[in-house]
$ cat entry16.pdb   # PDB, C-alpha atoms, pLDDT in the B column
ATOM      1  CA  SER S  19       4.344  -8.771 136.281  1.00 79.00           C
ATOM      2  CA  HIS S  20       4.622  -8.220 132.533  1.00 92.00           C
ATOM      3  CA  TYR S  21       7.649  -6.861 130.710  1.00 95.00           C
ATOM      4  CA  LEU S  22       8.464  -5.123 127.445  1.00 94.00           C
ATOM      5  CA  LEU S  23      11.397  -6.653 125.614  1.00 95.00           C
ATOM      6  CA  PHE S  24      13.156  -4.350 123.135  1.00 96.00           C
ATOM      7  CA  CYS S  25      15.513  -5.472 120.368  1.00 96.00           C
ATOM      8  CA  THR S  26      17.676  -3.271 118.123  1.00 96.00           C
ATOM      9  CA  LYS S  27      19.126  -3.968 114.682  1.00 95.00           C
ATOM     10  CA  LYS S  28      22.629  -4.142 116.197  1.00 95.00           C
ATOM     11  CA  GLY S  29      21.575  -7.026 118.455  1.00 95.00           C
ATOM     12  CA  VAL S  30      21.052  -5.140 121.727  1.00 96.00           C
ATOM     13  CA  ILE S  31      18.186  -6.358 123.925  1.00 96.00           C
ATOM     14  CA  LYS S  32      16.527  -4.703 126.912  1.00 95.00           C
ATOM     15  CA  LYS S  33      13.809  -5.711 129.378  1.00 96.00           C
ATOM     16  CA  THR S  34      11.711  -3.177 131.315  1.00 94.00           C
ATOM     17  CA  LEU S  35       8.661  -3.628 133.529  1.00 93.00           C
ATOM     18  CA  LEU S  36       5.486  -2.742 131.617  1.00 91.00           C
ATOM     19  CA  GLU S  37       4.455  -0.632 134.608  1.00 89.00           C
ATOM     20  CA  ALA S  38       7.296   1.803 133.824  1.00 88.00           C
ATOM     21  CA  TYR S  39       5.208   3.025 130.848  1.00 84.00           C
ATOM     22  CA  SER S  40       1.912   3.356 132.726  1.00 82.00           C
ATOM     23  CA  ARG S  41       2.031   7.164 132.938  1.00 79.00           C
ATOM     24  CA  PRO S  42       3.074   8.412 129.492  1.00 74.00           C
ATOM     25  CA  ARG S  43       3.386  12.135 128.928  1.00 79.00           C
ATOM     26  CA  GLN S  44       1.717  13.878 126.005  1.00 78.00           C
ATOM     27  CA  ASN S  45       4.941  13.963 123.992  1.00 81.00           C
ATOM     28  CA  GLY S  46       5.826  10.389 125.021  1.00 81.00           C
ATOM     29  CA  VAL S  47       8.500   9.019 127.335  1.00 81.00           C
ATOM     30  CA  ASN S  48      11.957   7.634 126.652  1.00 84.00           C
ATOM     31  CA  ALA S  49      11.611   3.886 126.102  1.00 86.00           C
ATOM     32  CA  ILE S  50      15.244   2.986 125.363  1.00 87.00           C
ATOM     33  CA  THR S  51      18.507   4.833 124.850  1.00 89.00           C
ATOM     34  CA  LEU S  52      19.889   3.974 121.399  1.00 91.00           C
ATOM     35  CA  ARG S  53      23.459   4.267 120.202  1.00 89.00           C
ATOM     36  CA  GLU S  54      23.955   6.628 117.267  1.00 88.00           C
ATOM     37  CA  ASP S  55      24.189   3.964 114.535  1.00 90.00           C
ATOM     38  CA  ASP S  56      21.439   1.731 115.957  1.00 92.00           C
ATOM     39  CA  GLY S  57      17.649   1.537 115.609  1.00 94.00           C
ATOM     40  CA  LEU S  58      14.773  -0.241 117.331  1.00 94.00           C
ATOM     41  CA  ILE S  59      13.253  -3.055 115.267  1.00 94.00           C
ATOM     42  CA  GLN S  60      11.005  -5.051 117.588  1.00 94.00           C
ATOM     43  CA  VAL S  61       9.182  -4.921 120.930  1.00 95.00           C
ATOM     44  CA  CYS S  62       7.478  -7.941 122.532  1.00 94.00           C
ATOM     45  CA  MET S  63       5.413  -8.213 125.688  1.00 94.00           C
ATOM     46  CA  THR S  64       6.494 -11.102 127.929  1.00 94.00           C
ATOM     47  CA  ASN S  65       5.297 -12.610 131.206  1.00 93.00           C
ATOM     48  CA  GLY S  66       8.735 -13.103 132.787  1.00 91.00           C
ATOM     49  CA  ASN S  67       8.888 -16.754 131.758  1.00 92.00           C
ATOM     50  CA  ASN S  68       9.025 -16.646 127.945  1.00 93.00           C
ATOM     51  CA  GLU S  69      11.773 -17.717 125.593  1.00 94.00           C
ATOM     52  CA  VAL S  70      13.221 -15.412 122.969  1.00 96.00           C
ATOM     53  CA  ILE S  71      14.655 -16.053 119.498  1.00 96.00           C
ATOM     54  CA  ILE S  72      16.592 -13.324 117.646  1.00 97.00           C
ATOM     55  CA  ALA S  73      17.543 -13.771 113.969  1.00 96.00           C
ATOM     56  CA  ASN S  74      20.035 -11.929 111.752  1.00 95.00           C
ATOM     57  CA  ARG S  75      20.262 -11.206 108.015  1.00 95.00           C
ATOM     58  CA  ASN S  76      22.968 -13.823 107.487  1.00 94.00           C
ATOM     59  CA  GLY S  77      20.604 -16.629 108.457  1.00 92.00           C
ATOM     60  CA  ARG S  78      21.507 -17.330 112.067  1.00 94.00           C
ATOM     61  CA  ALA S  79      19.294 -17.294 115.170  1.00 95.00           C
ATOM     62  CA  ILE S  80      19.830 -17.493 118.917  1.00 96.00           C
ATOM     63  CA  ARG S  81      17.392 -18.856 121.508  1.00 96.00           C
ATOM     64  CA  PHE S  82      17.523 -18.056 125.215  1.00 95.00           C
ATOM     65  CA  HIS S  83      15.244 -17.626 128.231  1.00 94.00           C
ATOM     66  CA  GLU S  84      14.244 -14.049 129.010  1.00 94.00           C
ATOM     67  CA  SER S  85      15.604 -14.494 132.561  1.00 93.00           C
ATOM     68  CA  ALA S  86      19.048 -14.107 130.935  1.00 94.00           C
ATOM     69  CA  VAL S  87      18.169 -10.415 130.524  1.00 94.00           C
ATOM     70  CA  ARG S  88      17.954  -8.513 133.802  1.00 93.00           C
ATOM     71  CA  GLU S  89      15.280  -5.904 134.315  1.00 94.00           C
ATOM     72  CA  MET S  90      16.381  -2.319 133.544  1.00 93.00           C
ATOM     73  CA  GLY S  91      14.955   1.183 133.729  1.00 89.00           C
ATOM     74  CA  ARG S  92      13.368   3.090 130.857  1.00 87.00           C
ATOM     75  CA  THR S  93      16.462   5.016 129.825  1.00 86.00           C
ATOM     76  CA  ALA S  94      18.922   2.079 129.883  1.00 90.00           C
ATOM     77  CA  THR S  95      20.664   0.980 126.684  1.00 91.00           C
ATOM     78  CA  GLY S  96      20.406  -2.779 127.205  1.00 92.00           C
ATOM     79  CA  VAL S  97      22.729  -5.755 126.830  1.00 94.00           C
ATOM     80  CA  ARG S  98      23.969  -7.878 123.930  1.00 95.00           C
ATOM     81  CA  GLY S  99      21.353 -10.344 122.668  1.00 95.00           C
ATOM     82  CA  ILE S 100      23.211 -11.694 119.618  1.00 95.00           C
ATOM     83  CA  THR S 101      26.704 -11.176 118.212  1.00 94.00           C
ATOM     84  CA  LEU S 102      26.546 -10.056 114.568  1.00 93.00           C
ATOM     85  CA  ASP S 103      29.002 -10.949 111.802  1.00 90.00           C
ATOM     86  CA  GLU S 104      31.708  -8.390 111.208  1.00 87.00           C
ATOM     87  CA  ASP S 105      31.019  -7.982 107.492  1.00 83.00           C
ATOM     88  CA  GLY S 106      29.429  -4.549 107.899  1.00 81.00           C
ATOM     89  CA  GLN S 107      26.199  -5.846 106.281  1.00 86.00           C
ATOM     90  CA  ASP S 108      24.775  -7.959 109.085  1.00 92.00           C
ATOM     91  CA  GLU S 109      21.908  -6.793 111.275  1.00 95.00           C
ATOM     92  CA  VAL S 110      19.015  -8.237 113.282  1.00 96.00           C
ATOM     93  CA  ILE S 111      15.849  -8.771 111.209  1.00 95.00           C
ATOM     94  CA  GLY S 112      13.493  -9.839 113.966  1.00 95.00           C
ATOM     95  CA  MET S 113      12.851 -11.092 117.479  1.00 96.00           C
ATOM     96  CA  ILE S 114      10.079 -13.458 118.520  1.00 95.00           C
ATOM     97  CA  CYS S 115       8.757 -14.500 121.931  1.00 95.00           C
ATOM     98  CA  ILE S 116       7.622 -18.092 122.361  1.00 94.00           C
ATOM     99  CA  LYS S 117       4.466 -18.409 124.432  1.00 90.00           C
ATOM    100  CA  ASP S 118       3.317 -21.967 123.615  1.00 88.00           C
ATOM    101  CA  PRO S 119       6.138 -24.290 122.472  1.00 86.00           C
ATOM    102  CA  GLU S 120       3.678 -27.182 122.038  1.00 87.00           C
ATOM    103  CA  THR S 121       1.806 -25.651 119.079  1.00 90.00           C
ATOM    104  CA  GLU S 122       4.130 -22.926 117.771  1.00 93.00           C
ATOM    105  CA  THR S 123       6.743 -23.304 115.044  1.00 94.00           C
ATOM    106  CA  ILE S 124       9.374 -20.920 113.669  1.00 94.00           C
ATOM    107  CA  MET S 125       8.858 -19.499 110.172  1.00 94.00           C
ATOM    108  CA  VAL S 126      11.714 -17.740 108.379  1.00 94.00           C
ATOM    109  CA  VAL S 127      11.503 -15.981 105.001  1.00 94.00           C
ATOM    110  CA  SER S 128      14.350 -14.821 102.733  1.00 94.00           C
ATOM    111  CA  GLU S 129      14.412 -11.817 100.404  1.00 93.00           C
ATOM    112  CA  ASN S 130      14.177 -13.891  97.205  1.00 92.00           C
ATOM    113  CA  GLY S 131      10.952 -15.614  98.272  1.00 91.00           C
ATOM    114  CA  TYR S 132      12.200 -18.751 100.033  1.00 92.00           C
ATOM    115  CA  GLY S 133      10.973 -19.823 103.441  1.00 92.00           C
ATOM    116  CA  LYS S 134      10.557 -22.689 105.828  1.00 92.00           C
ATOM    117  CA  ARG S 135       9.123 -23.809 109.145  1.00 93.00           C
ATOM    118  CA  SER S 136      11.157 -25.514 111.845  1.00 93.00           C
ATOM    119  CA  ASP S 137      10.356 -26.937 115.257  1.00 92.00           C
ATOM    120  CA  ILE S 138      11.331 -24.741 118.191  1.00 92.00           C
ATOM    121  CA  GLU S 139      13.381 -27.622 119.618  1.00 91.00           C
ATOM    122  CA  ASP S 140      15.633 -27.451 116.537  1.00 90.00           C
ATOM    123  CA  TYR S 141      17.053 -24.277 118.072  1.00 90.00           C
ATOM    124  CA  ARG S 142      19.072 -25.312 121.104  1.00 90.00           C
ATOM    125  CA  LYS S 143      18.890 -23.055 124.126  1.00 91.00           C
ATOM    126  CA  THR S 144      22.040 -21.053 124.819  1.00 90.00           C
ATOM    127  CA  ASN S 145      22.928 -17.958 126.769  1.00 91.00           C
ATOM    128  CA  ARG S 146      22.298 -14.555 125.221  1.00 93.00           C
ATOM    129  CA  GLY S 147      25.080 -12.800 123.329  1.00 93.00           C
ATOM    130  CA  GLY S 148      26.334 -15.707 121.248  1.00 92.00           C
ATOM    131  CA  LYS S 149      26.427 -16.031 117.453  1.00 93.00           C
ATOM    132  CA  GLY S 150      23.496 -18.437 117.316  1.00 92.00           C
ATOM    133  CA  VAL S 151      22.851 -21.374 114.984  1.00 92.00           C
ATOM    134  CA  LYS S 152      21.982 -21.555 111.298  1.00 92.00           C
ATOM    135  CA  THR S 153      18.259 -20.987 110.736  1.00 91.00           C
ATOM    136  CA  LEU S 154      18.297 -20.934 106.918  1.00 90.00           C
ATOM    137  CA  ASN S 155      21.037 -21.967 104.511  1.00 90.00           C
ATOM    138  CA  ILE S 156      21.713 -18.584 102.854  1.00 91.00           C
ATOM    139  CA  THR S 157      22.732 -18.886  99.189  1.00 91.00           C
ATOM    140  CA  GLU S 158      22.648 -16.613  96.147  1.00 90.00           C
ATOM    141  CA  LYS S 159      19.355 -18.280  95.239  1.00 91.00           C
ATOM    142  CA  THR S 160      17.644 -17.564  98.576  1.00 91.00           C
ATOM    143  CA  GLY S 161      19.095 -14.123  99.321  1.00 92.00           C
ATOM    144  CA  LYS S 162      19.441 -12.821 102.874  1.00 94.00           C
ATOM    145  CA  LEU S 163      16.903 -13.392 105.642  1.00 95.00           C
ATOM    146  CA  VAL S 164      14.148 -10.760 105.933  1.00 95.00           C
ATOM    147  CA  ALA S 165      11.693 -12.122 108.520  1.00 95.00           C
ATOM    148  CA  ILE S 166      11.246 -14.512 111.418  1.00 95.00           C
ATOM    149  CA  LYS S 167       7.753 -15.226 112.800  1.00 95.00           C
ATOM    150  CA  VAL S 168       6.295 -17.566 115.380  1.00 94.00           C
ATOM    151  CA  VAL S 169       3.352 -19.341 113.721  1.00 95.00           C
ATOM    152  CA  THR S 170       0.805 -22.123 114.160  1.00 93.00           C
ATOM    153  CA  ASP S 171      -1.172 -24.165 111.597  1.00 92.00           C
ATOM    154  CA  GLU S 172      -4.101 -21.786 112.139  1.00 93.00           C
ATOM    155  CA  ASN S 173      -2.186 -18.740 110.836  1.00 94.00           C
ATOM    156  CA  ASP S 174      -1.927 -17.293 107.342  1.00 94.00           C
ATOM    157  CA  LEU S 175       1.097 -15.399 106.083  1.00 94.00           C
ATOM    158  CA  MET S 176       0.926 -12.188 104.031  1.00 94.00           C
ATOM    159  CA  ILE S 177       4.051 -11.556 101.949  1.00 93.00           C
ATOM    160  CA  ILE S 178       4.549  -8.141 100.331  1.00 92.00           C
ATOM    161  CA  ASN S 179       7.107  -7.446  97.595  1.00 92.00           C
ATOM    162  CA  LYS S 180       8.986  -4.208  97.020  1.00 91.00           C
ATOM    163  CA  SER S 181       7.157  -3.957  93.667  1.00 89.00           C
ATOM    164  CA  GLY S 182       3.835  -3.820  95.567  1.00 88.00           C
ATOM    165  CA  ILE S 183       2.568  -7.371  94.981  1.00 88.00           C
ATOM    166  CA  THR S 184       1.017  -9.175  97.948  1.00 91.00           C
ATOM    167  CA  ILE S 185       0.260 -12.878  98.363  1.00 91.00           C
ATOM    168  CA  ARG S 186      -1.465 -14.714 101.187  1.00 94.00           C
ATOM    169  CA  LEU S 187      -0.676 -18.332 101.989  1.00 93.00           C
ATOM    170  CA  LYS S 188      -1.658 -20.863 104.632  1.00 94.00           C
ATOM    171  CA  VAL S 189       1.092 -21.656 107.120  1.00 93.00           C
ATOM    172  CA  ALA S 190      -0.197 -25.253 107.262  1.00 92.00           C
ATOM    173  CA  ASP S 191       0.781 -25.658 103.581  1.00 91.00           C
ATOM    174  CA  VAL S 192       4.466 -25.085 104.394  1.00 90.00           C
ATOM    175  CA  ARG S 193       5.965 -28.313 105.670  1.00 87.00           C
ATOM    176  CA  ILE S 194       8.202 -28.444 108.737  1.00 91.00           C
ATOM    177  CA  MET S 195      11.851 -29.137 107.879  1.00 88.00           C
ATOM    178  CA  GLY S 196      15.288 -29.004 109.463  1.00 80.00           C
ATOM    179  CA  ARG S 197      17.080 -25.823 110.451  1.00 75.00           C
ATOM    180  CA  ALA S 198      20.004 -25.736 108.022  1.00 75.00           C
ATOM    181  CA  THR S 199      18.037 -26.264 104.772  1.00 80.00           C
ATOM    182  CA  GLN S 200      17.312 -23.705 102.028  1.00 82.00           C
ATOM    183  CA  GLY S 201      13.560 -23.997 102.450  1.00 88.00           C
ATOM    184  CA  VAL S 202      10.948 -23.929  99.673  1.00 90.00           C
ATOM    185  CA  ARG S 203       9.866 -21.215  97.282  1.00 91.00           C
ATOM    186  CA  LEU S 204       6.933 -19.351  98.838  1.00 90.00           C
ATOM    187  CA  ILE S 205       6.490 -16.699  96.146  1.00 86.00           C
ATOM    188  CA  ASN S 206       7.713 -16.267  92.566  1.00 85.00           C
ATOM    189  CA  LEU S 207       9.352 -12.898  92.035  1.00 84.00           C
ATOM    190  CA  GLU S 208       8.398 -11.921  88.489  1.00 76.00           C
ATOM    191  CA  LYS S 209      10.651  -8.897  88.060  1.00 76.00           C
ATOM    192  CA  ARG S 210      14.416  -8.825  88.233  1.00 74.00           C
ATOM    193  CA  ASN S 211      15.733  -7.050  91.318  1.00 81.00           C
ATOM    194  CA  ASP S 212      12.364  -7.477  93.065  1.00 88.00           C
ATOM    195  CA  GLN S 213      12.621  -8.610  96.680  1.00 91.00           C
ATOM    196  CA  ILE S 214      10.374  -9.356  99.620  1.00 91.00           C
ATOM    197  CA  SER S 215       9.774  -6.214 101.617  1.00 90.00           C
ATOM    198  CA  SER S 216       7.609  -7.332 104.519  1.00 91.00           C
ATOM    199  CA  VAL S 217       6.014 -10.423 106.041  1.00 93.00           C
ATOM    200  CA  CYS S 218       2.961 -10.336 108.286  1.00 92.00           C
ATOM    201  CA  LYS S 219       1.232 -13.074 110.284  1.00 92.00           C
ATOM    202  CA  VAL S 220      -2.575 -13.136 110.057  1.00 91.00           C
ATOM    203  CA  GLN S 221      -4.897 -14.815 112.573  1.00 83.00           C
ATOM    204  CA  THR S 222      -7.554 -16.706 110.630  1.00 75.00           C
TER     205      THR S 222
END

$ encode --input "entry16.pdb" --output "structure tokens"
Amino acid sequence: SHYLLFCTKKGVIKKTLLEAYSRPRQNGVNAITLREDDGLIQVCMTNGNNEVIIANRNGRAIRFHESAVREMGRTATGVRGITLDEDGQDEVIGMICIKDPETETIMVVSENGYGKRSDIEDYRKTNRGGKGVKTLNITEKTGKLVAIKVVTDENDLMIINKSGITIRLKVADVRIMGRATQGVRLINLEKRNDQISSVCKVQT
């Protein structure tokens, strides 16, 4: 009864029964058919009744119920999850599955070290394939979006810079604010041209 939900950087999403991967061959099995200029960025396990949020580099996110994505076979390509901007630079930076809307919040982080938490209800539910709503006010100061995570007050966040510096902070220390704000500075980037490379949620 569980599914694997795949998301690509071009905004394509695909849902396959977990059982379809129960007999892997030694050299693996095809999980998804990708278009030439696309790449897989995230896979979540769902129970058939979860909600999904997909975010793009330009600071927008879309929320929909996974039932909007029909079940497909292993070799299928998938369907459109989010429509990207046509600037040639836009791509999906992450997909999250919401399991417990009562305690979970949405954390987004930008490449210049800004971030913020928002309530899940700030993201209205729509159908898949749309452009989504603003999740962070992208400016020159904030830089583009690099990560979206589903977090609770019990989590810590590890942030790693391209220059190799890592910091760890408590999610509870980041206050919850509205969707279309710039957020707060989470990390000071000492060097010019340094950016955030990766963000990881830690269970404490």

$ closest_atom_pairs --input "entry16.pdb" --of "region 143-219 of chain S" --to "region 105-126 of chain S" --cutoff "12 Å" --atoms "all atoms listed in the file" --output "CSV"
residue,atom,partner,partner_atom,distance
S:Lys149,CA,S:Val110,CA,11.5
S:Gly150,CA,S:Val110,CA,11.8
S:Lys152,CA,S:Val126,CA,11.3
S:Thr153,CA,S:Val126,CA,7.7
S:Leu154,CA,S:Val126,CA,7.5
S:Asn155,CA,S:Val126,CA,10.9
S:Ile156,CA,S:Val126,CA,11.5
S:Thr160,CA,S:Val126,CA,11.5
S:Lys162,CA,S:Asp108,CA,9.5
S:Leu163,CA,S:Val126,CA,7.3
S:Val164,CA,S:Ile111,CA,5.9
S:Ala165,CA,S:Val126,CA,5.6
S:Ile166,CA,S:Val126,CA,4.5
S:Lys167,CA,S:Met125,CA,5.1
S:Val168,CA,S:Ile124,CA,4.9
S:Val169,CA,S:Thr123,CA,5.4
S:Thr170,CA,S:Glu122,CA,5.0
S:Asp171,CA,S:Thr121,CA,8.2
S:Glu172,CA,S:Thr121,CA,9.9
S:Asn173,CA,S:Glu122,CA,10.3
S:Asp174,CA,S:Met125,CA,11.4
S:Leu175,CA,S:Met125,CA,9.7
S:Ile177,CA,S:Val126,CA,11.8
S:Lys188,CA,S:Met125,CA,12.0
S:Val189,CA,S:Met125,CA,8.6
S:Ala190,CA,S:Thr123,CA,10.6
S:Val192,CA,S:Met125,CA,9.2
S:Arg193,CA,S:Met125,CA,10.3
S:Ile194,CA,S:Thr123,CA,8.3
S:Met195,CA,S:Met125,CA,10.3
S:Gly196,CA,S:Ile124,CA,10.9
S:Arg197,CA,S:Ile124,CA,9.7
S:Ala198,CA,S:Val126,CA,11.5
S:Thr199,CA,S:Val126,CA,11.2
S:Gln200,CA,S:Val126,CA,10.4
S:Gly201,CA,S:Val126,CA,8.8
S:Val202,CA,S:Val126,CA,10.7
S:Arg203,CA,S:Val126,CA,11.8
S:Leu204,CA,S:Val126,CA,10.8
S:Ser215,CA,S:Ile111,CA,11.6
S:Ser216,CA,S:Ile111,CA,10.7
S:Val217,CA,S:Val126,CA,9.6
S:Cys218,CA,S:Met125,CA,11.1
S:Lys219,CA,S:Met125,CA,10.0

$ atom_distance --input "entry16.pdb" --atom1 "CA of Gly96 (chain S)" --atom2 "CA of Thr34 (chain S)"
9.6 Å

$ atom_distance --input "entry16.pdb" --atom1 "CA of Gly131 (chain S)" --atom2 "CA of Lys159 (chain S)"
9.3 Å

$ residues_around --input "entry16.pdb" --residues "Ser40 (chain S)" --least-positions-apart "6" --cutoff "12 Å" --atoms "all atoms listed in the file" --output "ChimeraX atom specification"
/S:20-22,34,46-47,49,92

$ residues_around --input "entry16.pdb" --residues "Ser19 (chain S)" --least-positions-apart "3" --cutoff "12 Å" --atoms "all atoms listed in the file" --output "VMD selection string"
chain S and resid 22 34 to 38 63 to 67 89

$ atom_distance --input "entry16.pdb" --atom1 "CA of Glu104 (chain S)" --atom2 "CA of Arg210 (chain S)"
28.8 Å

$ residues_near_point --input "entry16.pdb" --point "(23.9, -15.3, 114.5)" --cutoff "8 Å" --atoms "only C-alpha atoms" --output "PyMOL selection string"
chain S and resi 73-74+76-80+100-103+148-152

$ axis_aligned_box --input "entry16.pdb" --around "region 119-131 of chain S" --padding-each-side "3 Å" --output "AutoDock Vina command-line options"
--center_x 8.1 --center_y -19.5 --center_z 109.8 --size_x 18.6 --size_y 21.4 --size_z 31.3

$ closest_residue --input "entry16.pdb" --among "S:Ile72, S:Lys134, S:Pro42, S:Gly57" --to "Gly147 (chain S)" --atoms "all atoms listed in the file"
S:Ile72

$ closest_residue --input "entry16.pdb" --among "S:Val127, S:Val70, S:Cys25, S:Cys62" --to "Thr95 (chain S)" --atoms "all atoms listed in the file"
S:Cys25

$ residues_near_point --input "entry16.pdb" --point "(19.5, -6.2, 127.8)" --cutoff "7 Å" --atoms "only C-alpha atoms" --output "number ranges by chain"
S: 30-33, 87-88, 96-99

$ residues_around --input "entry16.pdb" --residues "His83 (chain S)" --least-positions-apart "2" --cutoff "8 Å" --atoms "only C-alpha atoms" --output "ChimeraX atom specification"
/S:67-70,81,85-86,143,145

$ closest_residue --input "entry16.pdb" --among "S:Ser136, S:Ser128, S:Thr93, S:Gln44" --to "Gln213 (chain S)" --atoms "only C-alpha atoms"
S:Ser128

$ resolve_selection --input "entry16.pdb" --expression "the PyMOL selection byres ((chain S and resi 212) around 12)" --output "number ranges by chain"
S: 129-131, 161, 178-183, 205-211, 213-215

$ build_atoms --input "entry16.pdb" --residues "region 98-105 of chain S" --atoms "all heavy atoms" --output "short mmCIF file (atom, residue, chain, number, x, y, z; two decimals), in the frame of the given file"
data_model
loop_
_atom_site.label_atom_id
_atom_site.label_comp_id
_atom_site.auth_asym_id
_atom_site.auth_seq_id
_atom_site.Cartn_x
_atom_site.Cartn_y
_atom_site.Cartn_z
N ARG S 98 23.85 -7.19 125.23
CA ARG S 98 23.97 -7.88 123.93
C ARG S 98 23.06 -9.11 123.88
O ARG S 98 23.12 -9.96 124.74
CB ARG S 98 25.42 -8.29 123.69
CG ARG S 98 25.64 -8.88 122.30
CD ARG S 98 27.11 -9.13 122.02
NE ARG S 98 27.91 -7.92 122.05
CZ ARG S 98 27.92 -6.99 121.11
NH1 ARG S 98 27.13 -7.12 120.06
NH2 ARG S 98 28.69 -5.94 121.21
N GLY S 99 22.22 -9.18 122.85
CA GLY S 99 21.35 -10.34 122.67
C GLY S 99 21.96 -11.35 121.71
O GLY S 99 21.88 -12.55 121.90
N ILE S 100 22.57 -10.84 120.62
CA ILE S 100 23.21 -11.69 119.62
C ILE S 100 24.45 -10.97 119.10
O ILE S 100 24.46 -9.73 118.99
CB ILE S 100 22.23 -12.02 118.46
CG1 ILE S 100 22.84 -13.03 117.47
CG2 ILE S 100 21.76 -10.78 117.73
CD1 ILE S 100 21.85 -13.59 116.44
N THR S 101 25.49 -11.74 118.81
CA THR S 101 26.70 -11.18 118.21
C THR S 101 26.58 -11.25 116.70
O THR S 101 26.39 -12.34 116.13
CB THR S 101 27.95 -11.95 118.69
OG1 THR S 101 28.05 -11.80 120.11
CG2 THR S 101 29.22 -11.41 118.04
N LEU S 102 26.69 -10.11 116.03
CA LEU S 102 26.55 -10.06 114.57
C LEU S 102 27.86 -10.37 113.88
O LEU S 102 28.94 -10.25 114.48
CB LEU S 102 26.06 -8.67 114.15
CG LEU S 102 24.69 -8.24 114.69
CD1 LEU S 102 24.36 -6.82 114.26
CD2 LEU S 102 23.58 -9.19 114.24
N ASP S 103 27.79 -10.75 112.60
CA ASP S 103 29.00 -10.95 111.80
C ASP S 103 29.67 -9.61 111.55
O ASP S 103 28.99 -8.58 111.43
CB ASP S 103 28.65 -11.60 110.46
CG ASP S 103 28.17 -13.03 110.65
OD1 ASP S 103 28.49 -13.62 111.70
OD2 ASP S 103 27.48 -13.56 109.76
N GLU S 104 30.97 -9.64 111.38
CA GLU S 104 31.71 -8.39 111.21
C GLU S 104 31.91 -8.06 109.73
O GLU S 104 32.98 -7.63 109.33
CB GLU S 104 33.06 -8.48 111.94
CG GLU S 104 32.90 -8.51 113.46
CD GLU S 104 34.19 -8.82 114.17
OE1 GLU S 104 35.23 -8.92 113.49
OE2 GLU S 104 34.16 -8.97 115.41
N ASP S 105 30.87 -8.28 108.92
CA ASP S 105 31.02 -7.98 107.49
C ASP S 105 30.46 -6.61 107.14
O ASP S 105 30.46 -6.20 105.98
CB ASP S 105 30.34 -9.06 106.65
CG ASP S 105 28.85 -9.20 106.96
OD1 ASP S 105 28.33 -8.40 107.76
OD2 ASP S 105 28.19 -10.09 106.39
#
